[in-house]
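Content type CSV, N, CA and C atoms, from the file final_8.csv:
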```
chain,number,residue,atom,x,y,z
A,82,MET,N,-61.8,-47.0,-24.7
A,82,MET,CA,-60.4,-47.3,-25.1
A,82,MET,C,-59.7,-48.3,-24.2
A,83,SER,N,-59.2,-49.4,-24.8
A,83,SER,CA,-58.5,-50.4,-24.0
A,83,SER,C,-57.0,-50.1,-23.9
A,84,ALA,N,-56.5,-50.4,-22.8
A,84,ALA,CA,-55.1,-50.2,-22.6
A,84,ALA,C,-54.3,-51.3,-23.2
A,85,VAL,N,-53.2,-51.0,-23.8
A,85,VAL,CA,-52.3,-52.0,-24.4
A,85,VAL,C,-51.3,-52.4,-23.4
A,86,GLU,N,-51.1,-53.7,-23.2
A,86,GLU,CA,-50.1,-54.2,-22.2
A,86,GLU,C,-48.7,-53.9,-22.7
A,87,HIS,N,-47.8,-53.5,-21.8
A,87,HIS,CA,-46.4,-53.2,-22.1
A,87,HIS,C,-45.8,-54.5,-22.7
A,88,PRO,N,-45.0,-54.4,-23.7
A,88,PRO,CA,-44.4,-55.6,-24.2
A,88,PRO,C,-43.6,-56.5,-23.2
A,89,ASN,N,-43.0,-55.8,-22.2
A,89,ASN,CA,-42.3,-56.6,-21.2
A,89,ASN,C,-43.2,-57.4,-20.3
A,90,ALA,N,-44.4,-56.8,-20.0
A,90,ALA,CA,-45.4,-57.5,-19.3
A,90,ALA,C,-45.9,-58.7,-20.1
A,91,ALA,N,-46.1,-58.5,-21.4
A,91,ALA,CA,-46.6,-59.6,-22.2
A,91,ALA,C,-45.5,-60.7,-22.3
A,92,LEU,N,-44.2,-60.4,-22.3
A,92,LEU,CA,-43.2,-61.3,-22.3
A,92,LEU,C,-43.2,-62.2,-21.0
A,93,VAL,N,-43.4,-61.5,-19.8
A,93,VAL,CA,-43.4,-62.2,-18.6
A,93,VAL,C,-44.6,-63.2,-18.6
A,94,ARG,N,-45.7,-62.8,-19.1
A,94,ARG,CA,-46.9,-63.7,-19.2
A,94,ARG,C,-46.6,-64.9,-20.1
A,95,ARG,N,-45.8,-64.7,-21.2
A,95,ARG,CA,-45.5,-65.8,-22.1
A,95,ARG,C,-44.5,-66.8,-21.4
A,96,VAL,N,-43.6,-66.3,-20.6
A,96,VAL,CA,-42.6,-67.1,-19.9
A,96,VAL,C,-43.4,-68.0,-18.9
A,97,PHE,N,-44.3,-67.4,-18.1
A,97,PHE,CA,-45.1,-68.1,-17.1
A,97,PHE,C,-45.9,-69.2,-17.8
A,98,ALA,N,-46.5,-68.8,-18.9
A,98,ALA,CA,-47.4,-69.8,-19.7
A,98,ALA,C,-46.6,-71.0,-20.2
A,99,ALA,N,-45.3,-70.7,-20.5
A,99,ALA,CA,-44.4,-71.8,-21.0
A,99,ALA,C,-43.8,-72.7,-20.0
A,100,PHE,N,-43.8,-72.2,-18.7
A,100,PHE,CA,-43.1,-72.9,-17.6
A,100,PHE,C,-43.7,-74.3,-17.5
A,101,GLY,N,-42.8,-75.3,-17.5
A,101,GLY,CA,-43.1,-76.7,-17.4
A,101,GLY,C,-43.6,-77.3,-18.7
A,102,ASN,N,-43.7,-76.5,-19.7
A,102,ASN,CA,-44.2,-77.0,-21.0
A,102,ASN,C,-43.2,-76.8,-22.2
A,103,ASP,N,-42.6,-75.7,-22.2
A,103,ASP,CA,-41.8,-75.3,-23.4
A,103,ASP,C,-40.5,-74.6,-23.0
A,104,PRO,N,-39.5,-75.5,-22.6
A,104,PRO,CA,-38.2,-74.9,-22.2
A,104,PRO,C,-37.5,-74.0,-23.3
A,105,LYS,N,-37.8,-74.3,-24.6
A,105,LYS,CA,-37.2,-73.5,-25.7
A,105,LYS,C,-37.8,-72.1,-25.7
A,106,ALA,N,-39.1,-72.0,-25.4
A,106,ALA,CA,-39.7,-70.6,-25.4
A,106,ALA,C,-39.2,-69.9,-24.2
A,107,ILE,N,-39.0,-70.5,-23.1
A,107,ILE,CA,-38.4,-69.9,-21.9
A,107,ILE,C,-37.0,-69.4,-22.2
A,108,SER,N,-36.2,-70.3,-22.7
A,108,SER,CA,-34.8,-69.9,-23.0
A,108,SER,C,-34.7,-68.8,-23.9
A,109,ALA,N,-35.6,-68.7,-24.9
A,109,ALA,CA,-35.6,-67.6,-25.9
A,109,ALA,C,-35.9,-66.3,-25.3
A,110,ALA,N,-36.5,-66.3,-24.2
A,110,ALA,CA,-36.8,-65.0,-23.5
A,110,ALA,C,-35.7,-64.5,-22.6
A,111,PHE,N,-34.6,-65.3,-22.5
A,111,PHE,CA,-33.5,-65.0,-21.6
A,111,PHE,C,-32.3,-64.4,-22.4
A,112,ALA,N,-31.7,-63.4,-21.9
A,112,ALA,CA,-30.4,-63.0,-22.5
A,112,ALA,C,-29.4,-64.1,-22.3
A,113,ARG,N,-28.4,-64.2,-23.2
A,113,ARG,CA,-27.4,-65.2,-23.1
A,113,ARG,C,-26.7,-65.2,-21.7
A,114,ASP,N,-26.5,-64.0,-21.2
A,114,ASP,CA,-25.7,-63.9,-20.0
A,114,ASP,C,-26.6,-63.6,-18.8
A,115,ILE,N,-27.9,-64.1,-18.8
A,115,ILE,CA,-28.8,-63.9,-17.7
A,115,ILE,C,-28.2,-64.3,-16.4
A,116,VAL,N,-28.6,-63.6,-15.4
A,116,VAL,CA,-28.2,-64.0,-14.0
A,116,VAL,C,-29.5,-64.1,-13.2
A,117,TRP,N,-29.7,-65.3,-12.5
A,117,TRP,CA,-30.9,-65.5,-11.7
A,117,TRP,C,-30.5,-65.8,-10.3
A,118,ARG,N,-31.0,-65.1,-9.3
A,118,ARG,CA,-30.6,-65.2,-7.9
A,118,ARG,C,-31.8,-65.7,-7.1
A,119,VAL,N,-31.5,-66.7,-6.3
A,119,VAL,CA,-32.5,-67.2,-5.3
A,119,VAL,C,-31.8,-67.1,-3.9
A,120,PRO,N,-32.5,-66.3,-3.0
A,120,PRO,CA,-31.9,-66.0,-1.7
A,120,PRO,C,-32.0,-67.2,-0.8
A,121,GLY,N,-31.3,-67.1,0.3
A,121,GLY,CA,-31.5,-68.1,1.4
A,121,GLY,C,-30.4,-69.2,1.3
A,122,ARG,N,-30.7,-70.2,2.2
A,122,ARG,CA,-29.7,-71.4,2.3
A,122,ARG,C,-30.5,-72.6,2.0
A,123,THR,N,-31.0,-72.8,0.8
A,123,THR,CA,-31.8,-74.0,0.5
A,123,THR,C,-31.1,-74.7,-0.7
A,124,VAL,N,-31.7,-75.9,-1.1
A,124,VAL,CA,-31.1,-76.7,-2.2
A,124,VAL,C,-31.2,-75.9,-3.5
A,125,MET,N,-32.1,-74.9,-3.5
A,125,MET,CA,-32.3,-74.1,-4.8
A,125,MET,C,-31.7,-72.8,-4.7
A,126,SER,N,-31.2,-72.4,-3.6
A,126,SER,CA,-30.6,-71.0,-3.4
A,126,SER,C,-29.3,-70.9,-4.2
A,127,GLY,N,-29.0,-69.7,-4.6
A,127,GLY,CA,-27.7,-69.5,-5.3
A,127,GLY,C,-27.9,-68.5,-6.4
A,128,GLU,N,-26.8,-68.4,-7.2
A,128,GLU,CA,-26.8,-67.5,-8.3
A,128,GLU,C,-26.5,-68.3,-9.6
A,129,TYR,N,-27.4,-68.3,-10.5
A,129,TYR,CA,-27.3,-69.1,-11.7
A,129,TYR,C,-27.0,-68.1,-12.9
A,130,ARG,N,-26.0,-68.5,-13.7
A,130,ARG,CA,-25.5,-67.6,-14.7
A,130,ARG,C,-25.6,-68.3,-16.1
A,131,GLY,N,-26.2,-67.6,-17.0
A,131,GLY,CA,-26.2,-68.0,-18.4
A,131,GLY,C,-27.5,-68.8,-18.7
A,132,ARG,N,-28.0,-68.8,-19.9
A,132,ARG,CA,-29.2,-69.5,-20.3
A,132,ARG,C,-29.3,-71.0,-19.8
A,133,ARG,N,-28.2,-71.7,-20.1
A,133,ARG,CA,-28.2,-73.1,-19.8
A,133,ARG,C,-28.4,-73.4,-18.3
A,134,ASP,N,-27.6,-72.7,-17.5
A,134,ASP,CA,-27.7,-72.9,-16.0
A,134,ASP,C,-29.1,-72.5,-15.5
A,135,VAL,N,-29.7,-71.4,-16.0
A,135,VAL,CA,-31.0,-71.0,-15.5
A,135,VAL,C,-32.1,-71.9,-15.9
A,136,VAL,N,-32.0,-72.4,-17.2
A,136,VAL,CA,-33.0,-73.4,-17.6
A,136,VAL,C,-32.9,-74.7,-16.8
A,137,GLU,N,-31.7,-75.1,-16.6
A,137,GLU,CA,-31.5,-76.3,-15.7
A,137,GLU,C,-32.0,-76.1,-14.3
A,138,PHE,N,-31.7,-74.9,-13.7
A,138,PHE,CA,-32.3,-74.6,-12.4
A,138,PHE,C,-33.8,-74.7,-12.4
A,139,LEU,N,-34.4,-74.1,-13.4
A,139,LEU,CA,-35.9,-74.2,-13.5
A,139,LEU,C,-36.4,-75.6,-13.7
A,140,ARG,N,-35.7,-76.4,-14.4
A,140,ARG,CA,-36.0,-77.9,-14.6
A,140,ARG,C,-35.9,-78.6,-13.3
A,141,ARG,N,-34.9,-78.2,-12.4
A,141,ARG,CA,-34.7,-78.8,-11.1
A,141,ARG,C,-35.9,-78.6,-10.2
A,142,THR,N,-36.7,-77.5,-10.4
A,142,THR,CA,-37.9,-77.4,-9.5
A,142,THR,C,-38.8,-78.5,-9.7
A,143,GLY,N,-38.9,-79.0,-10.9
A,143,GLY,CA,-39.8,-80.1,-11.2
A,143,GLY,C,-39.2,-81.4,-10.7
A,144,ILE,N,-37.9,-81.6,-10.8
A,144,ILE,CA,-37.3,-82.8,-10.3
A,144,ILE,C,-37.3,-82.9,-8.8
A,145,GLU,N,-37.0,-81.8,-8.1
A,145,GLU,CA,-37.0,-81.8,-6.7
A,145,GLU,C,-38.4,-82.0,-6.1
A,146,THR,N,-39.5,-81.7,-6.9
A,146,THR,CA,-40.8,-81.8,-6.4
A,146,THR,C,-41.6,-83.0,-7.0
A,147,SER,N,-40.9,-83.9,-7.7
A,147,SER,CA,-41.5,-85.0,-8.4
A,147,SER,C,-42.6,-84.5,-9.3
A,148,GLY,N,-42.4,-83.4,-10.0
A,148,GLY,CA,-43.3,-82.9,-11.0
A,148,GLY,C,-44.5,-82.2,-10.4
A,149,THR,N,-44.5,-81.9,-9.1
A,149,THR,CA,-45.7,-81.2,-8.5
A,149,THR,C,-45.6,-79.7,-8.5
A,150,TYR,N,-44.4,-79.1,-8.8
A,150,TYR,CA,-44.2,-77.7,-8.7
A,150,TYR,C,-45.0,-77.0,-9.7
A,151,ARG,N,-45.8,-76.0,-9.3
A,151,ARG,CA,-46.6,-75.1,-10.3
A,151,ARG,C,-46.4,-73.7,-9.9
A,152,SER,N,-46.4,-72.8,-10.9
A,152,SER,CA,-46.5,-71.4,-10.6
A,152,SER,C,-47.6,-70.8,-11.3
A,153,SER,N,-48.4,-70.0,-10.6
A,153,SER,CA,-49.6,-69.4,-11.1
A,153,SER,C,-49.5,-67.9,-11.1
A,154,LEU,N,-49.3,-67.3,-12.2
A,154,LEU,CA,-49.1,-65.8,-12.3
A,154,LEU,C,-50.3,-65.1,-11.8
A,155,HIS,N,-50.1,-64.1,-10.9
A,155,HIS,CA,-51.2,-63.3,-10.3
A,155,HIS,C,-51.3,-62.0,-11.1
A,156,THR,N,-50.1,-61.3,-11.1
A,156,THR,CA,-50.1,-60.0,-11.8
A,156,THR,C,-48.7,-59.6,-12.2
A,157,VAL,N,-48.6,-58.7,-13.1
A,157,VAL,CA,-47.3,-58.2,-13.7
A,157,VAL,C,-47.3,-56.7,-13.7
A,158,PHE,N,-46.2,-56.1,-13.3
A,158,PHE,CA,-46.0,-54.7,-13.5
A,158,PHE,C,-44.8,-54.6,-14.3
A,159,ALA,N,-44.8,-53.7,-15.4
A,159,ALA,CA,-43.6,-53.6,-16.2
A,159,ALA,C,-43.5,-52.3,-16.9
A,160,ASP,N,-42.2,-51.9,-17.2
A,160,ASP,CA,-42.0,-50.7,-18.0
A,160,ASP,C,-40.8,-51.1,-18.9
A,161,ASP,N,-40.1,-50.1,-19.5
A,161,ASP,CA,-39.0,-50.5,-20.4
A,161,ASP,C,-37.9,-51.2,-19.8
A,162,ASP,N,-37.6,-51.0,-18.5
A,162,ASP,CA,-36.4,-51.6,-17.9
A,162,ASP,C,-36.7,-52.7,-16.9
A,163,TRP,N,-37.9,-52.7,-16.3
A,163,TRP,CA,-38.1,-53.6,-15.2
A,163,TRP,C,-39.5,-54.3,-15.4
A,164,ALA,N,-39.6,-55.5,-14.8
A,164,ALA,CA,-40.8,-56.2,-14.6
A,164,ALA,C,-40.9,-56.8,-13.3
A,165,VAL,N,-42.0,-56.8,-12.6
A,165,VAL,CA,-42.2,-57.5,-11.4
A,165,VAL,C,-43.4,-58.4,-11.6
A,166,ALA,N,-43.2,-59.7,-11.3
A,166,ALA,CA,-44.2,-60.7,-11.4
A,166,ALA,C,-44.6,-61.2,-10.0
A,167,ILE,N,-45.8,-61.1,-9.7
A,167,ILE,CA,-46.3,-61.7,-8.4
A,167,ILE,C,-47.0,-63.0,-8.8
A,168,TYR,N,-46.7,-64.1,-8.1
A,168,TYR,CA,-47.2,-65.4,-8.5
A,168,TYR,C,-47.4,-66.3,-7.2
A,169,ARG,N,-48.2,-67.3,-7.4
A,169,ARG,CA,-48.3,-68.3,-6.3
A,169,ARG,C,-47.6,-69.5,-6.7
A,170,ALA,N,-46.7,-70.0,-5.8
A,170,ALA,CA,-46.0,-71.3,-6.1
A,170,ALA,C,-46.5,-72.4,-5.2
A,171,THR,N,-46.8,-73.5,-5.8
A,171,THR,CA,-47.3,-74.7,-5.1
A,171,THR,C,-46.5,-75.9,-5.5
A,172,GLY,N,-46.5,-76.9,-4.6
A,172,GLY,CA,-45.8,-78.1,-4.8
A,172,GLY,C,-45.7,-79.0,-3.6
A,173,SER,N,-45.1,-80.1,-3.7
A,173,SER,CA,-44.9,-81.0,-2.6
A,173,SER,C,-43.5,-81.6,-2.7
A,174,ARG,N,-42.9,-81.7,-1.5
A,174,ARG,CA,-41.5,-82.2,-1.5
A,174,ARG,C,-41.2,-82.7,-0.1
A,175,ASN,N,-40.7,-84.0,-0.1
A,175,ASN,CA,-40.4,-84.6,1.2
A,175,ASN,C,-41.5,-84.5,2.2
A,176,GLY,N,-42.7,-84.7,1.8
A,176,GLY,CA,-43.9,-84.7,2.7
A,176,GLY,C,-44.3,-83.3,3.1
A,177,ILE,N,-43.7,-82.3,2.6
A,177,ILE,CA,-44.1,-80.9,2.9
A,177,ILE,C,-44.8,-80.2,1.7
A,178,GLU,N,-45.9,-79.5,2.0
A,178,GLU,CA,-46.6,-78.8,1.0
A,178,GLU,C,-46.1,-77.4,0.9
A,179,LEU,N,-46.0,-76.9,-0.3
A,179,LEU,CA,-45.7,-75.5,-0.6
A,179,LEU,C,-46.9,-74.8,-1.1
A,180,ASP,N,-47.2,-73.7,-0.6
A,180,ASP,CA,-48.3,-72.8,-1.2
A,180,ASP,C,-48.0,-71.4,-0.7
A,181,VAL,N,-47.2,-70.7,-1.5
A,181,VAL,CA,-46.8,-69.3,-1.1
A,181,VAL,C,-46.8,-68.4,-2.2
A,182,ASP,N,-46.9,-67.1,-1.9
A,182,ASP,CA,-46.8,-66.0,-2.8
A,182,ASP,C,-45.3,-65.7,-3.0
A,183,GLN,N,-44.9,-65.4,-4.2
A,183,GLN,CA,-43.5,-65.0,-4.4
A,183,GLN,C,-43.5,-63.9,-5.5
A,184,ALA,N,-42.4,-63.3,-5.6
A,184,ALA,CA,-42.2,-62.3,-6.7
A,184,ALA,C,-40.9,-62.5,-7.4
A,185,LEU,N,-40.9,-62.2,-8.7
A,185,LEU,CA,-39.7,-62.2,-9.5
A,185,LEU,C,-39.5,-60.7,-9.9
A,186,VAL,N,-38.3,-60.2,-9.6
A,186,VAL,CA,-37.9,-58.8,-10.0
A,186,VAL,C,-37.0,-59.0,-11.1
A,187,VAL,N,-37.4,-58.5,-12.3
A,187,VAL,CA,-36.7,-58.8,-13.6
A,187,VAL,C,-36.2,-57.5,-14.2
A,188,ARG,N,-34.9,-57.4,-14.4
A,188,ARG,CA,-34.3,-56.3,-15.2
A,188,ARG,C,-34.3,-56.7,-16.6
A,189,MET,N,-34.9,-55.9,-17.5
A,189,MET,CA,-35.1,-56.2,-18.9
A,189,MET,C,-34.0,-55.5,-19.7
A,190,ALA,N,-33.6,-56.1,-20.8
A,190,ALA,CA,-32.7,-55.4,-21.7
A,190,ALA,C,-32.9,-55.9,-23.1
A,191,ASP,N,-33.2,-55.1,-24.0
A,191,ASP,CA,-33.4,-55.5,-25.4
A,191,ASP,C,-34.5,-56.5,-25.6
A,192,GLY,N,-35.6,-56.4,-24.8
A,192,GLY,CA,-36.7,-57.3,-24.8
A,192,GLY,C,-36.4,-58.7,-24.3
A,193,LEU,N,-35.4,-58.8,-23.5
A,193,LEU,CA,-35.0,-60.1,-22.9
A,193,LEU,C,-34.9,-60.0,-21.4
A,194,TRP,N,-35.0,-61.1,-20.7
A,194,TRP,CA,-34.8,-61.1,-19.2
A,194,TRP,C,-33.3,-61.1,-19.0
A,195,GLN,N,-32.7,-60.1,-18.3
A,195,GLN,CA,-31.3,-59.9,-18.1
A,195,GLN,C,-30.9,-60.4,-16.7
A,196,ASP,N,-31.6,-60.0,-15.7
A,196,ASP,CA,-31.2,-60.2,-14.4
A,196,ASP,C,-32.5,-60.4,-13.6
A,197,VAL,N,-32.5,-61.6,-12.8
A,197,VAL,CA,-33.8,-61.9,-12.1
A,197,VAL,C,-33.4,-62.2,-10.6
A,198,THR,N,-34.2,-61.6,-9.7
A,198,THR,CA,-34.1,-62.0,-8.3
A,198,THR,C,-35.4,-62.5,-7.8
A,199,ALA,N,-35.4,-63.7,-7.3
A,199,ALA,CA,-36.6,-64.3,-6.7
A,199,ALA,C,-36.8,-63.8,-5.3
A,200,VAL,N,-38.0,-63.4,-5.0
A,200,VAL,CA,-38.3,-62.8,-3.7
A,200,VAL,C,-39.4,-63.6,-3.0
A,201,PRO,N,-39.1,-64.6,-2.2
A,201,PRO,CA,-40.2,-65.3,-1.5
A,201,PRO,C,-40.9,-64.3,-0.5
A,202,LEU,N,-42.2,-64.4,-0.5
A,202,LEU,CA,-43.0,-63.5,0.3
A,202,LEU,C,-43.5,-64.2,1.6
A,203,ASP,N,-43.0,-65.4,1.8
A,203,ASP,CA,-43.4,-66.2,3.0
A,203,ASP,C,-42.2,-67.1,3.5
A,204,SER,N,-42.1,-67.2,4.8
A,204,SER,CA,-41.0,-68.0,5.3
A,204,SER,C,-41.1,-69.5,5.0
A,205,ALA,N,-42.3,-69.9,4.6
A,205,ALA,CA,-42.5,-71.3,4.3
A,205,ALA,C,-41.6,-71.7,3.1
A,206,PHE,N,-41.2,-70.8,2.3
A,206,PHE,CA,-40.3,-71.0,1.2
A,206,PHE,C,-39.0,-71.7,1.7
A,207,GLU,N,-38.4,-71.2,2.8
A,207,GLU,CA,-37.2,-71.7,3.3
A,207,GLU,C,-37.4,-73.2,3.9
A,208,ARG,N,-38.5,-73.4,4.6
A,208,ARG,CA,-38.8,-74.7,5.1
A,208,ARG,C,-39.0,-75.7,4.0
A,209,PHE,N,-39.7,-75.3,3.0
A,209,PHE,CA,-40.0,-76.2,1.9
A,209,PHE,C,-38.7,-76.7,1.2
A,210,TRP,N,-37.8,-75.8,0.8
A,210,TRP,CA,-36.6,-76.1,0.0
A,210,TRP,C,-35.4,-76.4,0.9
A,211,ALA,N,-35.6,-76.5,2.2
A,211,ALA,CA,-34.4,-76.8,3.1
A,211,ALA,C,-33.8,-78.1,2.8
```

Same coordinates, now as structure tokens:
Amino acid sequence: MSAVEHPNAALVRRVFAAFGNDPKAISAAFARDIVWRVPGRTVMSGEYRGRRDVVEFLRRTGIETSGTYRSSLHTVFADDDWAVAIYRATGSRNGIELDVDQALVVRMADGLWQDVTAVPLDSAFERFWA
């Protein structure tokens, strides 16, 4: 018997697959009033509110890295209310290479991403985006 993946895990996989390719598919996965938080004191840190601001923030990762930013999903844990995505982020910016593990902690509501907190798992994140 094969296990069926939770729908929220499948949604996380679709968002990661669409990253850098399909902003409309990404936006469709977000609640209108989504909040996305990035900790620290970097050019990308802050709290982004609403679909438009969050999609623009995600687009900026490409602009800031001259198109080199990539995220490679490692694993997803999900239930009806939460999803946690562990992924590897890579890119190049101002002569500095990024290659770190990160996590997204996502609160889900009605099958949409409602609240996201990015959790860098390596201090290289701060140096890269400084």

message = Could you check the closest approach to Leu92 in chain A for each of A:Ala205, A:Asp134, A:Met125, A:Gly192 and tell me which residue wins, using only N, CA and C atoms?
response = A:Gly192

task = Mind checking which residues fall within 6 Å of range 163-174 of chain A, counting all atoms listed in the file, ignoring those fewer than 3 positions away in the same chain, and posting them as a count of residues only?
result = 27

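Taking only C-alpha atoms into account, Phe138 in chain A lies nearest to A:Val116 out of the set A:Val116, A:Pro201, A:Asn102, A:Gly121.
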
request  = Go ahead and compute the interatomic distance for CA of Ala91 in chain A and CA of Val197 in chain A, in Å to one decimal.
outcome  =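 So the two atoms, CA of Ala91 in chain A and CA of Val197 in chain A, lie 16.5 Å apart.
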
task = Within 12 Å of Glu137 in chain A, counting only C-alpha atoms, which residues show up once you throw out same-chain ones fewer than 5 positions away? Write them as a list of chain:residue names, please.
result =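 Counting only the stated atoms, we get A:Gly101, A:Pro104, A:Lys105, A:Ile107, A:Ser108, A:Trp117, A:Met125, A:Tyr129, A:Arg130, A:Gly131, A:Arg132, A:Thr142, A:Gly143, A:Ile144, A:Glu145.
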
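Here the question is which of A:His87, A:Arg95, A:Arg208, A:Arg113 gets nearest to Arg133 in chain A using all atoms listed in the file, and that residue is A:Arg113.
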
key: Test item, alpha helix (DSSP H) assignment across range 93-159 of chain A, answer as a ChimeraX atom specification   = /A:93-99,104-109,132-145

query = Counting all atoms listed in the file, what is within 6 Å of Ala112 in chain A, bar same-chain residues fewer than 2 positions away, as a PyMOL selection string?
reply = chain A and resi 110+114-115+132+193-195

message = I need the residues of range 119-176 of chain A that end up classed as strand (DSSP E or B) by DSSP on the backbone, written out as a PyMOL selection string.
response = chain A and resi 119+127-130+151-159+163-174

request  = Please work out which residues fall within 9 Å of (-36.1, -77.1, 4.0), coordinates as given in the file, with only C-alpha atoms counting, and return them as number ranges by chain.
outcome  = A: 122-124, 177, 205-211

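If you look at atom C of Asp162 in chain A and CA of Asn89 in chain A, they are 8.1 Å away from each other.
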
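Here atom C of Asp161 in chain A and CA of Arg140 in chain A stand 27.3 Å from one another.
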